[in-house]
Amino acid sequence: MNIRLADNLQVDSIVDGEGIRTVLWTQGCKHNCAGCHNPGAHSFDGGFSADIDDIKRELLHLEGQDGITLSGGDPFFQVEACLEVAEFCRNHSINVWCYTGFTFEELFKMSKSNSQILELLNCINVLVDGKFVERQRDWSLLFRGSKNQRVLDVKESLRQRKAVQVDKYKEKPLYKYGMEQLDVTDFGKVQYMFI
Ligand code: SF4
């Protein structure tokens, strides 16, 4: 099976989930969030087609990675292909994070008519859900861009049939200097000091 990608596998990301992660940039998204971080990944004709068997081979040879992150685009617009990748990861004990513009509640409802959505959720450890909302943007949040988005424990969310956030990511991280007091015009220049 093939999958449409916006880019090659990106290794060593420290911003797309916990630890050092490999990111699969899927192509295609209909959410049209204003201020989207990756507008080039919206078109369903953009990017390129990749053989999932090649991706699996690459994943098996990665070193020093704590897991894979499905991002994009929105992986749930290619649910069948992403399910194949995520199932492979689960079978090889590779931790999976996934970013989606859908909320957990929307996905759960959609899964009633498309069982692959539920199967894909079952292969994901952590889901960062919801559209990026520019007016709720907050650079001090870990692994999410706007306050409405949630970092969800998928196994527990499915068990309880409601969105269950990962406790340690619910609140803002503790900084030595409050981000609110800083003029954050260039994210890369800010030195985080965890206490
Ligand atoms: S869901 Fe993500 S990729 Fe899609 S428009 Fe929103 S921010 Fe961009």
# chains A, B, ... in the order shown; residues from 1 in each chain; ligands from 1
>>> closest_atom_pairs(of="region 119-178 of chain A", to="region 22-38 of chain A", cutoff="9 Å", atoms="only C-alpha atoms", output="tab-separated table")
residue	atom	partner	partner_atom	distance
A:Lys131	CA	A:Cys33	CA	6.3
A:Phe132	CA	A:Cys33	CA	5.7
A:Val133	CA	A:Cys33	CA	6.7
A:Glu134	CA	A:Gly35	CA	6.1
>>> residues_around(residues="region 89-97 of chain A", least_positions_apart="5", cutoff="10 Å", atoms="only C-alpha atoms", output="PyMOL selection string")
chain A and resi 16-18+21-23+56+59-60+65-71+83-84+122-128+151-154
>>> atom_distance(atom1="CA of Asn2 (chain A)", atom2="CA of Ala50 (chain A)")
5.3 Å
>>> select_by_dssp(residues="region 18-123 of chain A", states="strand (DSSP E or B)", output="PyMOL selection string")
chain A and resi 21-26+48-51+67-71+96-99
>>> select_by_dssp(residues="region 10-59 of chain A", states="helix (DSSP H, G or I)", output="JSON, numbers by chain")
{"A": [39, 40, 41, 52, 53, 54, 55, 56, 57, 58, 59]}
>>> closest_residue(among="A:Glu156, A:Asp74, A:Glu119, A:Glu87", to="ligand 1", atoms="only C-alpha atoms and all ligand atoms")
A:Asp74
>>> residues_around(residues="Val79 (chain A)", least_positions_apart="6", cutoff="8 Å", atoms="only C-alpha atoms", output="PDB file with N, CA and C atoms, in the first residue's frame")
ATOM      1  N   GLN A 116     -11.931   1.569  10.843  1.00  0.00           N
ATOM      2  CA  GLN A 116     -10.471   1.757  10.786  1.00  0.00           C
ATOM      3  C   GLN A 116     -10.026   2.928  11.674  1.00  0.00           C
ATOM      4  N   ILE A 117     -10.920   3.875  11.901  1.00  0.00           N
ATOM      5  CA  ILE A 117     -10.567   5.001  12.784  1.00  0.00           C
ATOM      6  C   ILE A 117     -10.329   4.486  14.198  1.00  0.00           C
ATOM      7  N   LEU A 120      -7.123   2.534  14.243  1.00  0.00           N
ATOM      8  CA  LEU A 120      -5.952   3.414  14.285  1.00  0.00           C
ATOM      9  C   LEU A 120      -5.776   4.001  15.686  1.00  0.00           C
TER      10      LEU A 120
END
>>> closest_residue(among="A:Ser140, A:Asn8, A:Ser157, A:Gln149", to="ligand 1", atoms="only C-alpha atoms and all ligand atoms")
A:Gln149
>>> residues_around(residues="Phe108 (chain A)", least_positions_apart="5", cutoff="10 Å", atoms="only C-alpha atoms", output="list of chain:residue names")
A:Phe102, A:Thr103, A:Ser113, A:Asn114, A:Ser115, A:Ile117, A:Leu118, A:Leu121, A:Ser157, A:Leu158, A:Arg161, A:Lys162, A:Ala163
>>> closest_residue(among="A:Cys98, A:Val164, A:Met1, A:Leu9", to="ligand 1", atoms="only C-alpha atoms and all ligand atoms")
A:Cys98
>>> atom_distance(atom1="atom 2 (Fe, counted along the ligand's line) of ligand 1", atom2="CA of Gly73 (chain A)")
5.7 Å
